[in-house]
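*Asks:* Quick one, entry_20.txt (compact mmCIF, C-alpha atoms):
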```
# COMPACT_ATOMS: atom_id res chain seq x y z
CA MET A 69 29.53 -30.81 -31.06
CA SER A 70 28.87 -32.40 -27.69
CA ASP A 71 29.29 -30.56 -24.39
CA GLU A 72 32.14 -32.90 -23.48
CA MET A 73 33.99 -32.17 -26.72
CA ARG A 74 33.37 -28.45 -26.25
CA LYS A 75 35.14 -28.58 -22.88
CA THR A 76 38.35 -29.79 -24.55
CA LEU A 77 38.67 -26.67 -26.74
CA PRO A 78 41.23 -24.00 -25.79
CA HIS A 79 38.58 -21.23 -25.89
CA GLU A 80 35.81 -20.60 -23.40
CA ILE A 81 32.60 -21.50 -25.21
CA LYS A 82 29.20 -20.50 -23.84
CA ARG A 83 25.74 -21.22 -25.12
CA ASN A 84 24.04 -18.19 -26.65
CA PRO A 85 20.52 -17.85 -25.20
CA ASN A 86 19.48 -15.89 -28.30
CA ALA A 87 21.03 -18.14 -30.91
CA TRP A 88 18.84 -18.72 -33.94
CA ASN A 89 19.08 -22.47 -33.57
CA ASN A 90 16.75 -22.07 -30.60
CA VAL A 91 13.92 -21.92 -33.15
CA ALA A 92 15.37 -23.63 -36.23
CA ASP A 93 17.86 -26.23 -37.38
CA ILE A 94 20.61 -24.18 -39.00
CA VAL A 95 23.22 -25.14 -41.57
CA PHE A 96 25.88 -22.59 -42.49
CA ILE A 97 27.04 -22.84 -46.10
CA ASP A 98 30.48 -21.36 -46.81
CA GLN A 99 30.08 -19.81 -50.24
CA PRO A 100 31.17 -18.81 -52.76
CA VAL A 101 33.89 -21.44 -52.99
CA GLY A 102 37.05 -20.07 -51.39
CA THR A 103 35.37 -18.60 -48.32
CA GLY A 104 35.06 -20.23 -44.91
CA PHE A 105 36.25 -23.82 -45.13
CA SER A 106 35.10 -24.31 -48.72
CA HIS A 107 37.69 -25.04 -51.39
CA GLY A 108 37.81 -25.92 -55.06
CA PRO A 109 37.42 -24.02 -58.35
CA MET A 110 36.45 -20.45 -57.50
CA PRO A 111 33.70 -18.58 -59.39
CA ASN A 112 34.03 -14.95 -60.44
CA SER A 113 30.38 -13.91 -60.27
CA THR A 114 27.25 -14.54 -58.24
CA GLU A 115 25.61 -16.22 -61.22
CA GLY A 116 28.67 -18.41 -61.63
CA ALA A 117 28.33 -19.55 -58.01
CA ALA A 118 24.63 -20.41 -58.23
CA ASP A 119 24.93 -23.98 -59.52
CA THR A 120 27.49 -24.97 -56.87
CA ALA A 121 25.29 -23.45 -54.15
CA TRP A 122 22.27 -25.40 -55.44
CA ARG A 123 24.22 -28.68 -55.60
CA THR A 124 25.51 -28.05 -52.07
CA MET A 125 21.95 -27.54 -50.83
CA GLN A 126 20.93 -30.75 -52.58
CA GLY A 127 23.70 -32.68 -50.81
CA ILE A 128 22.94 -31.21 -47.39
CA TYR A 129 19.22 -31.82 -47.79
CA ALA A 130 19.83 -35.45 -48.80
CA LEU A 131 22.17 -36.02 -45.85
CA LEU A 132 19.85 -34.46 -43.27
CA SER A 133 16.80 -36.20 -44.72
CA ALA A 134 18.52 -39.58 -44.53
CA ASP A 135 19.62 -38.87 -40.96
CA ALA A 136 16.08 -37.85 -39.95
CA LYS A 137 14.68 -41.03 -41.49
CA GLU A 138 17.23 -43.22 -39.69
CA ARG A 139 16.45 -41.53 -36.38
CA LYS A 140 12.70 -41.83 -37.07
CA GLU A 141 12.36 -38.05 -36.83
CA ARG A 142 9.92 -35.98 -38.85
CA ALA A 143 10.88 -35.27 -42.44
CA ILE A 144 12.32 -31.90 -43.45
CA THR A 145 9.35 -30.13 -45.01
CA ASP A 146 10.52 -26.54 -45.18
CA ILE A 147 13.70 -24.67 -46.05
CA HIS A 148 14.35 -20.98 -45.47
CA ILE A 149 17.44 -19.25 -46.85
CA PHE A 150 18.91 -16.41 -44.77
CA GLY A 151 21.97 -14.21 -45.16
CA GLU A 152 23.17 -10.64 -44.80
CA SER A 153 25.11 -7.91 -46.61
CA TYR A 154 26.30 -9.30 -49.99
CA ALA A 155 23.57 -11.89 -49.56
CA GLY A 156 21.45 -9.17 -51.14
CA ARG A 157 23.08 -10.39 -54.35
CA TYR A 158 23.59 -14.04 -53.50
CA ILE A 159 20.25 -15.05 -52.07
CA PRO A 160 17.92 -13.61 -54.74
CA VAL A 161 20.01 -15.12 -57.56
CA PHE A 162 20.49 -18.47 -55.79
CA THR A 163 16.80 -18.62 -54.89
CA GLU A 164 15.70 -17.85 -58.43
CA TYR A 165 18.02 -20.61 -59.61
CA LEU A 166 16.56 -23.02 -57.05
CA ILE A 167 12.99 -22.25 -58.18
CA HIS A 168 13.93 -22.79 -61.82
CA MET A 169 15.58 -26.09 -60.96
CA ASN A 170 12.61 -27.26 -58.85
CA LYS A 171 10.42 -26.78 -61.92
CA HIS A 172 12.97 -28.39 -64.22
CA LEU A 173 13.25 -31.43 -61.95
CA LEU A 174 9.54 -32.15 -62.18
CA ALA A 175 9.93 -32.62 -65.93
CA SER A 176 13.27 -34.42 -65.90
CA SER A 177 13.25 -38.13 -65.08
CA GLU A 178 17.00 -38.15 -65.78
CA LEU A 179 17.72 -35.69 -62.96
CA GLN A 180 15.39 -37.55 -60.63
CA GLU A 181 17.21 -40.80 -61.37
CA ARG A 182 20.47 -39.07 -60.52
CA GLY A 183 19.12 -38.31 -57.05
CA PHE A 184 18.20 -34.65 -57.37
CA VAL A 185 14.99 -33.71 -55.56
CA GLU A 186 12.68 -30.74 -55.29
CA LEU A 187 13.85 -28.57 -52.40
CA PRO A 188 10.92 -27.43 -50.18
CA LEU A 189 11.66 -23.71 -50.21
CA LYS A 190 9.34 -21.77 -47.92
CA GLY A 191 10.91 -18.31 -47.67
CA ILE A 192 14.01 -16.12 -47.66
CA GLY A 193 15.40 -13.43 -45.36
CA ILE A 194 18.11 -10.85 -46.05
CA GLY A 195 19.63 -8.49 -43.48
CA ASN A 196 21.13 -5.13 -44.49
CA GLY A 197 21.54 -6.39 -48.02
CA MET A 198 23.29 -4.91 -51.03
CA PHE A 199 20.76 -5.44 -53.82
CA ASP A 200 21.16 -2.74 -56.43
CA TYR A 201 23.90 -0.13 -56.38
CA SER A 202 22.04 2.46 -58.43
CA VAL A 203 18.87 2.22 -56.32
CA GLN A 204 20.62 2.22 -52.95
CA ASN A 205 23.46 4.69 -53.49
CA PRO A 206 21.34 7.88 -53.17
CA SER A 207 20.52 6.82 -49.59
CA SER A 208 24.09 7.70 -48.60
CA TYR A 209 22.90 11.31 -48.38
CA THR A 210 19.96 10.49 -46.12
CA ILE A 211 21.88 8.25 -43.74
CA GLY A 212 24.88 10.60 -43.73
CA CYS A 213 23.12 13.94 -43.49
CA ASN A 214 19.45 13.65 -42.66
CA SER A 215 18.79 10.54 -40.59
CA THR A 216 17.56 9.99 -37.04
CA TYR A 217 21.23 9.87 -35.97
CA PRO A 218 23.66 12.83 -35.89
CA ALA A 219 25.02 13.88 -39.27
CA LEU A 220 28.22 12.17 -40.39
CA PHE A 221 29.33 14.90 -42.81
CA THR A 222 29.71 18.68 -42.73
CA ARG A 223 27.10 20.93 -44.36
CA SER A 224 29.34 21.56 -47.34
CA GLN A 225 30.00 17.85 -47.75
CA CYS A 226 26.28 17.10 -47.55
CA ALA A 227 25.56 19.71 -50.20
CA TYR A 228 28.24 18.27 -52.47
CA LEU A 229 26.95 14.75 -51.84
CA LYS A 230 23.36 15.71 -52.71
CA ASN A 231 24.00 18.04 -55.63
CA ARG A 232 27.10 16.60 -57.23
CA LEU A 233 28.24 13.15 -56.12
CA ILE A 234 24.89 11.34 -56.18
CA PRO A 235 23.75 12.74 -59.57
CA GLN A 236 27.19 12.04 -61.06
CA CYS A 237 27.12 8.54 -59.61
CA ALA A 238 23.74 7.94 -61.24
CA GLU A 239 25.15 9.07 -64.58
CA LEU A 240 28.17 6.78 -64.26
CA MET A 241 25.97 3.86 -63.23
CA GLY A 242 23.92 4.48 -66.36
CA LYS A 243 27.07 4.20 -68.46
CA CYS A 244 28.04 1.05 -66.58
CA TYR A 245 24.68 -0.57 -67.27
CA SER A 246 24.68 0.43 -70.92
CA ALA A 247 28.19 -0.97 -71.38
CA GLY A 248 26.88 -4.53 -71.37
CA ALA A 249 23.75 -6.60 -71.62
CA PRO A 250 20.47 -5.66 -69.84
CA GLN A 251 20.44 -5.86 -66.04
CA SER A 252 18.04 -8.77 -65.77
CA SER A 253 19.55 -12.18 -65.26
CA ALA A 254 16.08 -13.70 -65.54
CA LEU A 255 15.97 -12.87 -69.26
CA SER A 256 18.77 -15.29 -69.98
CA MET A 257 18.29 -17.96 -67.33
CA ARG A 258 17.14 -21.09 -69.12
CA ASP A 259 16.88 -24.76 -68.15
CA ASP A 260 19.27 -27.19 -69.86
CA ASP A 261 20.27 -30.80 -69.57
CA CYS A 262 23.48 -30.04 -67.68
CA VAL A 263 21.69 -28.80 -64.56
CA ARG A 264 22.89 -25.33 -65.34
CA LEU A 265 21.23 -22.01 -66.06
CA ARG A 266 22.87 -19.70 -68.54
CA PRO A 267 23.29 -16.33 -66.81
CA GLU A 268 23.78 -12.95 -68.35
CA ARG A 269 27.35 -12.05 -69.24
CA TRP A 270 28.78 -9.83 -66.54
CA ARG A 271 30.11 -6.38 -67.26
CA ALA A 272 33.85 -6.22 -66.63
CA SER A 273 34.09 -2.74 -68.13
CA LYS A 274 36.06 0.40 -67.41
CA GLU A 275 32.71 2.22 -67.08
CA CYS A 276 31.71 0.00 -64.17
CA ALA A 277 35.13 0.27 -62.53
CA THR A 278 34.89 4.07 -62.76
CA ALA A 279 31.40 4.05 -61.23
CA ASP A 280 32.54 1.79 -58.40
CA SER A 281 35.43 4.08 -57.50
CA TYR A 282 33.50 7.36 -57.79
CA CYS A 283 30.28 6.30 -56.07
CA ASN A 284 32.19 5.18 -52.96
CA GLY A 285 33.93 8.53 -52.70
CA ALA A 286 31.90 9.79 -49.75
CA LEU A 287 33.35 7.04 -47.59
CA ASN A 288 36.68 8.87 -47.71
CA TRP A 289 35.23 11.88 -45.89
CA THR A 290 33.92 10.30 -42.76
CA THR A 291 35.69 9.84 -39.45
CA MET A 292 33.15 7.30 -38.15
CA VAL A 293 34.64 4.30 -36.39
CA SER A 294 32.83 1.86 -38.63
CA THR A 295 30.63 2.05 -41.71
CA TYR A 296 28.72 -0.81 -40.08
CA ASP A 297 27.63 1.21 -37.03
CA ILE A 298 27.37 5.01 -37.31
CA ARG A 299 26.62 5.65 -33.65
CA SER A 300 29.14 7.32 -31.38
CA GLY A 301 30.94 4.67 -29.42
CA ALA A 302 30.24 2.18 -32.17
CA ARG A 303 30.68 -1.44 -31.23
CA LEU A 304 32.57 -3.52 -33.74
CA VAL A 305 31.58 -7.14 -34.12
CA PRO A 306 34.41 -9.19 -32.55
CA ASP A 307 36.25 -11.59 -34.83
CA ASP A 308 37.95 -13.76 -32.22
CA TYR A 309 35.69 -16.60 -33.33
CA VAL A 310 37.90 -16.89 -36.43
CA ASP A 311 40.82 -18.03 -34.26
CA TYR A 312 38.48 -20.50 -32.57
CA LEU A 313 37.36 -21.96 -35.91
CA ARG A 314 40.99 -22.46 -36.90
CA THR A 315 41.98 -24.48 -33.84
CA GLU A 316 42.98 -28.07 -34.44
CA GLU A 317 40.48 -29.22 -31.85
CA PHE A 318 37.59 -27.58 -33.70
CA THR A 319 38.58 -28.64 -37.21
CA LYS A 320 38.98 -32.24 -36.02
CA ALA A 321 35.60 -32.11 -34.32
CA VAL A 322 33.78 -31.02 -37.48
CA GLY A 323 35.87 -33.04 -39.93
CA VAL A 324 37.74 -30.28 -41.77
CA ASP A 325 40.80 -31.29 -43.78
CA LYS A 326 43.93 -30.38 -41.82
CA ASP A 327 45.30 -28.37 -44.77
CA ILE A 328 42.25 -26.06 -44.93
CA ASP A 329 42.18 -22.85 -42.88
CA TYR A 330 38.98 -20.93 -42.20
CA VAL A 331 38.91 -17.73 -44.31
CA GLU A 332 36.23 -15.23 -43.30
CA CYS A 333 36.79 -12.82 -46.21
CA SER A 334 38.86 -14.24 -49.06
CA ASP A 335 41.03 -11.76 -50.98
CA ASP A 336 41.15 -14.19 -53.90
CA VAL A 337 37.36 -14.35 -54.12
CA PHE A 338 37.07 -10.57 -53.72
CA ASP A 339 39.54 -9.97 -56.54
CA ARG A 340 37.76 -12.42 -58.84
CA PHE A 341 34.35 -10.86 -58.23
CA SER A 342 35.76 -7.34 -58.53
CA ALA A 343 37.30 -8.20 -61.89
CA THR A 344 33.79 -8.85 -63.25
CA SER A 345 32.25 -5.82 -61.47
CA ASP A 346 29.84 -8.28 -59.85
CA GLY A 347 28.64 -5.95 -57.11
CA VAL A 348 28.30 -2.70 -59.03
CA SER A 349 27.27 -3.80 -62.49
CA ARG A 350 24.56 -6.25 -61.55
CA SER A 351 21.22 -5.92 -59.83
CA ALA A 352 19.29 -8.46 -57.78
CA MET A 353 16.02 -6.63 -58.44
CA SER A 354 14.84 -8.89 -61.25
CA SER A 355 15.54 -11.98 -59.16
CA LEU A 356 13.65 -10.54 -56.17
CA GLN A 357 10.72 -9.67 -58.41
CA PHE A 358 10.71 -13.20 -59.83
CA ILE A 359 10.72 -14.69 -56.31
CA LEU A 360 7.86 -12.46 -55.16
CA LYS A 361 5.82 -13.32 -58.25
CA GLU A 362 6.35 -16.99 -57.37
CA ASN A 363 4.64 -16.18 -54.03
CA VAL A 364 7.70 -17.00 -51.92
CA PRO A 365 7.67 -15.03 -48.63
CA VAL A 366 10.48 -12.44 -48.50
CA LEU A 367 11.76 -10.68 -45.37
CA LEU A 368 14.10 -7.70 -45.78
CA TYR A 369 15.35 -6.50 -42.40
CA SER A 370 17.76 -3.67 -41.62
CA GLY A 371 19.56 -2.41 -38.56
CA ASP A 372 19.04 1.36 -38.73
CA ALA A 373 22.56 2.31 -37.55
CA ASP A 374 24.29 0.73 -40.56
CA TYR A 375 25.78 3.05 -43.17
CA ILE A 376 27.15 0.78 -45.86
CA CYS A 377 23.84 -1.04 -46.57
CA ASN A 378 21.52 1.32 -44.75
CA TRP A 379 17.81 0.93 -44.15
CA TYR A 380 16.85 3.88 -46.35
CA GLY A 381 18.42 2.13 -49.31
CA THR A 382 16.70 -1.15 -48.53
CA MET A 383 13.37 0.64 -48.26
CA ALA A 384 14.04 2.22 -51.65
CA VAL A 385 14.62 -1.28 -53.07
CA ALA A 386 11.39 -2.59 -51.51
CA LYS A 387 9.39 0.30 -52.97
CA ALA A 388 10.98 -0.07 -56.41
CA LEU A 389 10.20 -3.77 -56.80
CA ASP A 390 7.75 -4.43 -59.61
CA TRP A 391 5.42 -7.23 -58.49
CA GLN A 392 1.77 -7.95 -57.81
CA GLY A 393 1.86 -6.26 -54.39
CA LYS A 394 3.73 -3.09 -55.42
CA SER A 395 0.89 -0.60 -54.96
CA LYS A 396 -0.35 -2.31 -51.81
CA PHE A 397 3.14 -2.12 -50.29
CA ALA A 398 3.44 1.56 -51.25
CA ASP A 399 0.15 2.32 -49.48
CA ALA A 400 0.97 0.31 -46.36
CA LYS A 401 1.60 2.36 -43.23
CA PRO A 402 4.58 1.63 -40.97
CA THR A 403 3.58 -0.57 -38.02
CA ASN A 404 5.38 -0.45 -34.69
CA TRP A 405 7.10 -3.71 -33.83
CA SER A 406 8.21 -4.97 -30.42
CA TRP A 407 9.44 -8.14 -28.79
CA PRO A 408 8.13 -9.58 -25.51
CA ALA A 409 10.52 -9.26 -22.56
CA ILE A 410 10.71 -11.97 -19.93
CA THR A 411 9.03 -9.56 -17.50
CA GLY A 412 5.91 -9.60 -19.63
CA SER A 413 6.34 -6.09 -21.02
CA SER A 414 6.99 -5.29 -24.67
CA ILE A 415 10.22 -3.70 -25.88
CA ASP A 416 9.90 -1.31 -28.82
CA ALA A 417 12.32 -2.62 -31.42
CA GLY A 418 11.40 -1.18 -34.79
CA GLN A 419 8.84 -0.64 -37.51
CA TYR A 420 7.75 -2.72 -40.47
CA LYS A 421 5.80 -2.42 -43.70
CA SER A 422 4.27 -5.42 -45.39
CA ALA A 423 2.04 -6.42 -48.24
CA ASP A 424 1.21 -9.93 -49.41
CA ASN A 425 4.49 -11.90 -49.29
CA LEU A 426 6.93 -9.00 -48.76
CA ILE A 427 8.00 -7.61 -45.38
CA PHE A 428 10.45 -4.79 -44.73
CA LEU A 429 11.59 -4.38 -41.12
CA ARG A 430 13.65 -1.55 -39.67
CA ILE A 431 15.29 -2.56 -36.39
CA TYR A 432 16.25 0.25 -34.00
CA GLN A 433 19.75 0.69 -32.61
CA ALA A 434 21.34 -2.08 -34.65
CA GLY A 435 24.33 -1.99 -36.94
CA HIS A 436 25.12 -4.06 -40.00
CA GLU A 437 24.98 -7.46 -38.28
CA VAL A 438 21.58 -7.24 -36.58
CA PRO A 439 21.77 -10.43 -34.44
CA TYR A 440 24.91 -9.12 -32.75
CA TYR A 441 23.46 -5.71 -31.90
CA GLN A 442 19.89 -6.77 -31.09
CA PRO A 443 19.98 -10.51 -30.30
CA GLN A 444 16.59 -10.80 -28.57
CA ALA A 445 14.78 -8.77 -31.21
CA SER A 446 16.36 -10.67 -34.10
CA LEU A 447 15.48 -14.04 -32.57
CA PHE A 448 11.89 -12.95 -32.11
CA MET A 449 11.83 -11.71 -35.71
CA LEU A 450 13.06 -15.07 -36.95
CA SER A 451 10.58 -17.06 -34.88
CA GLN A 452 7.68 -14.92 -36.13
CA PHE A 453 8.70 -15.22 -39.77
CA LEU A 454 9.28 -18.96 -39.62
CA ARG A 455 5.98 -19.54 -37.87
CA ASN A 456 3.61 -17.70 -40.19
CA HIS A 457 5.66 -15.42 -42.49
CA THR A 458 4.36 -12.28 -40.81
CA LEU A 459 5.54 -10.02 -37.99
CA SER A 460 2.10 -9.45 -36.50
```
Write out the structure in this file as structure tokens.
*Replies:*
Amino acid sequence: MSDEMRKTLPHEIKRNPNAWNNVADIVFIDQPVGTGFSHGPMPNSTEGAADTAWRTMQGIYALLSADAKERKERAITDIHIFGESYAGRYIPVFTEYLIHMNKHLLASSELQERGFVELPLKGIGIGNGMFDYSVQNPSSYTIGCNSTYPALFTRSQCAYLKNRLIPQCAELMGKCYSAGAPQSSALSMRDDDCVRLRPERWRASKECATADSYCNGALNWTTMVSTYDIRSGARLVPDDYVDYLRTEEFTKAVGVDKDIDYVECSDDVFDRFSATSDGVSRSAMSSLQFILKENVPVLLYSGDADYICNWYGTMAVAKALDWQGKSKFADAKPTNWSWPAITGSSIDAGQYKSADNLIFLRIYQAGHEVPYYQPQASLFMLSQFLRNHTLS
């Protein structure tokens, strides 16, 4: 949107000096269908949304590539996929799908004739992600009772959480997993002529519904302002941008159909995914392991003041991943990480562990949406990762 067009909008719009498009060309994809401005047949699982996401990326890549060629700009030679929160499920599954399809395309002249191309994936990044409920849930005790921030629960609640709720949750999660097929989607993802991978059947079972309800029980105890920022005086991420995205001036400027309203969090999509126990009954671990074994750089970053997808849980996921760098990652020592201030000094911003193509970064004093809480640090993180896939 041009500066002149921006001036016509009813909201005051300012340029963000720490916006990520300072170091990258960014395209936001509203997915799954039914969220944001996207519309059409809605999926009811992450696996069910993978093909649409891949086709969308194909269309965007073709459009931007054609535009770059017309403008005599350099070709698009690298794609990185970033997201946060439930992207801990989306991105690993979508990326695994993309890698499968890249390989399938090389052997399929039919798909090539239809215009599909190999997408130049170079890396992925996930902030405060929800990857695996059973692996991450025990961290609710650490973040709630024994973290670097003040305890969120009473001593009796912490004891109950540690000795009763977490073990019982693990038992219920075991029943949830055994109620259906094995966890791994990779076991049943196969190439076919319809540009579709056959995912594992999801587990819409009473066992998984019970686990979901019970394992979230501790959230009912807390009086914290937000599960996304456990600090006293927590700052909630403002949502006034939603009103801005719904203005007629904006929708006209970006070409949105006048009958489509922006929906940040769709109740319809939530209900459809909940009906298949998508979040609780499935794990992204196998997809992450597949991606790492394909030597794709992976960045897992976490604001350390988040409760709902806290950094202890993400670290547990990183340590549990079974891949060629597992032992090397386990032996790696935390390294202090800082970003350079304009004054020339360095600002301590966190710690990271890395091995081969996996990086885990803890970012200090940041809630669930890291770029909002630590904009300078997150921009520096992005620029480092895009440049050489390290944080050194």
*Asks:* What's around Gln444 of chain A at 12 Å? Count all atoms listed in the file, leave out sequence neighbours fewer than 4 positions away in its own chain, and write the answer as a tab-separated table (two decimals) with C-alpha atoms, keeping the file's coordinate frame.
*Replies:*
```
chain	number	residue	atom	x	y	z
A	84	ASN	CA	24.04	-18.19	-26.65
A	85	PRO	CA	20.52	-17.85	-25.20
A	86	ASN	CA	19.48	-15.89	-28.30
A	87	ALA	CA	21.03	-18.14	-30.91
A	88	TRP	CA	18.84	-18.72	-33.94
A	90	ASN	CA	16.75	-22.07	-30.60
A	406	SER	CA	8.21	-4.97	-30.42
A	407	TRP	CA	9.44	-8.14	-28.79
A	408	PRO	CA	8.13	-9.58	-25.51
A	409	ALA	CA	10.52	-9.26	-22.56
A	410	ILE	CA	10.71	-11.97	-19.93
A	414	SER	CA	6.99	-5.29	-24.67
A	415	ILE	CA	10.22	-3.70	-25.88
A	416	ASP	CA	9.90	-1.31	-28.82
A	417	ALA	CA	12.32	-2.62	-31.42
A	431	ILE	CA	15.29	-2.56	-36.39
A	434	ALA	CA	21.34	-2.08	-34.65
A	438	VAL	CA	21.58	-7.24	-36.58
A	439	PRO	CA	21.77	-10.43	-34.44
A	440	TYR	CA	24.91	-9.12	-32.75
A	448	PHE	CA	11.89	-12.95	-32.11
A	449	MET	CA	11.83	-11.71	-35.71
A	450	LEU	CA	13.06	-15.07	-36.95
A	451	SER	CA	10.58	-17.06	-34.88
```
*Asks:* What are the centre and edge lengths in Å, to one decimal, of the axis-aligned box around all listed atoms of segment 86-93 of chain A with 8 Å added on each side, as AutoDock Vina command-line options?
*Replies:*
```
--center_x 17.5 --center_y -21.1 --center_z -32.8 --size_x 23.1 --size_y 26.3 --size_z 25.1
```
*Asks:* Could you pull the residues within 12 Å of Ala388 of chain A, counting all atoms listed in the file, minus those fewer than 5 positions along the same chain, as a compact mmCIF listing (two decimals) with C-alpha atoms, in the coordinates of the input?
*Replies:*
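Ended up saving to selection_13.txt:
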```txt
# COMPACT_ATOMS: atom_id res chain seq x y z
CA PHE A 199 20.76 -5.44 -53.82
CA ASP A 200 21.16 -2.74 -56.43
CA SER A 202 22.04 2.46 -58.43
CA VAL A 203 18.87 2.22 -56.32
CA GLN A 204 20.62 2.22 -52.95
CA ALA A 352 19.29 -8.46 -57.78
CA MET A 353 16.02 -6.63 -58.44
CA SER A 354 14.84 -8.89 -61.25
CA LEU A 356 13.65 -10.54 -56.17
CA GLN A 357 10.72 -9.67 -58.41
CA GLY A 381 18.42 2.13 -49.31
CA THR A 382 16.70 -1.15 -48.53
CA MET A 383 13.37 0.64 -48.26
CA GLY A 393 1.86 -6.26 -54.39
CA LYS A 394 3.73 -3.09 -55.42
CA SER A 395 0.89 -0.60 -54.96
CA PHE A 397 3.14 -2.12 -50.29
CA ALA A 398 3.44 1.56 -51.25
```
*Asks:* Find, counting all atoms listed in the file, the residue in A:Asn456, A:Gln99, A:Gln392, A:Ser355 that gets nearest to Val161 of chain A.
*Replies:*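 Between A:Asn456, A:Gln99, A:Gln392, A:Ser355, the residue approaching Val161 of chain A most closely is A:Ser355.
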*Asks:* Measuring atom to atom with all atoms listed in the file, identify which of A:Ser446, A:Ser334, A:Asn205, A:Thr114 is nearest to Ala238 of chain A.
*Replies:*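 Ranked by minimum distance to Ala238 of chain A, first place goes to A:Asn205.
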*Asks:* Between A:Glu164, A:Asp93, A:Asp374, A:Asp390, which has the minimum distance to Ser207 of chain A (counting only C-alpha atoms)?
*Replies:*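 That would be A:Asp374, the residue with the smallest distance to Ser207 of chain A.
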*Asks:* For Ser370 of chain A, please output as JSON, numbers by chain all residues within 12 Å (counting only C-alpha atoms; exclusion window: fewer than 6 positions along the same chain).
*Replies:* {"A": [151, 152, 153, 156, 193, 194, 195, 196, 197, 198, 296, 297, 376, 377, 378, 379, 380, 381, 382, 383, 386, 417, 418, 419, 420, 427, 428, 429, 430, 431, 432, 433, 434, 435, 436, 437, 438, 439, 441, 442, 445, 446, 449]}
*Asks:* Could you check which of A:Thr278, A:Phe105, A:Ser460, A:Asn170 is closest to Gly323 of chain A, using all atoms listed in the file?
*Replies:*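 Of the candidates, the smallest distance to Gly323 of chain A is held by A:Phe105.
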*Asks:* At what distance in Å, to one decimal, does atom CA of Ser208 of chain A lie from atom CA of Ser113 of chain A?
*Replies:* 25.4 Å
*Asks:* Which polymer residues have any atom within 12 Å of an atom of Leu233 of chain A, counting all atoms listed in the file, with same-chain residues fewer than 3 positions away left out, as a ChimeraX atom specification?
*Replies:* /A:205-209,225-230,236-241,279,281-287
*Asks:* Report, in Å with one decimal, the straight-line distance from atom CA of Ser345 of chain A to atom CA of Val305 of chain A.
*Replies:*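 Going from atom CA of Ser345 of chain A over to atom CA of Val305 of chain A covers 27.4 Å.
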*Asks:* Quick one: pull the distance between atom CA of Ala143 of chain A and atom CA of Ser177 of chain A, Å, one decimal.
*Replies:*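 Atom-to-atom, atom CA of Ala143 of chain A to atom CA of Ser177 of chain A, that is 22.9 Å.
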*Asks:* May I ask which of the residues A:Leu304, A:Leu173, A:Ile298, A:Ala92 is the closest one to Arg455 of chain A, counting all atoms listed in the file?
*Replies:*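 With all atoms listed in the file as the atom set, the closest residue is A:Ala92.
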*Asks:* Report as JSON, numbers by chain all protein, DNA and RNA residues lying within 10 Å of Thr216 of chain A, evaluated on only C-alpha atoms, omitting residues in the same chain fewer than 4 positions from it.
*Replies:* {"A": [210, 211, 212, 372, 373]}
*Asks:* Counting all atoms listed in the file, write as a ChimeraX atom specification all protein and nucleic acid residues lying at most 10 Å from (0.9, -13.8, -59.6) in the file's frame.
*Replies:* /A:358,360-363,391-393
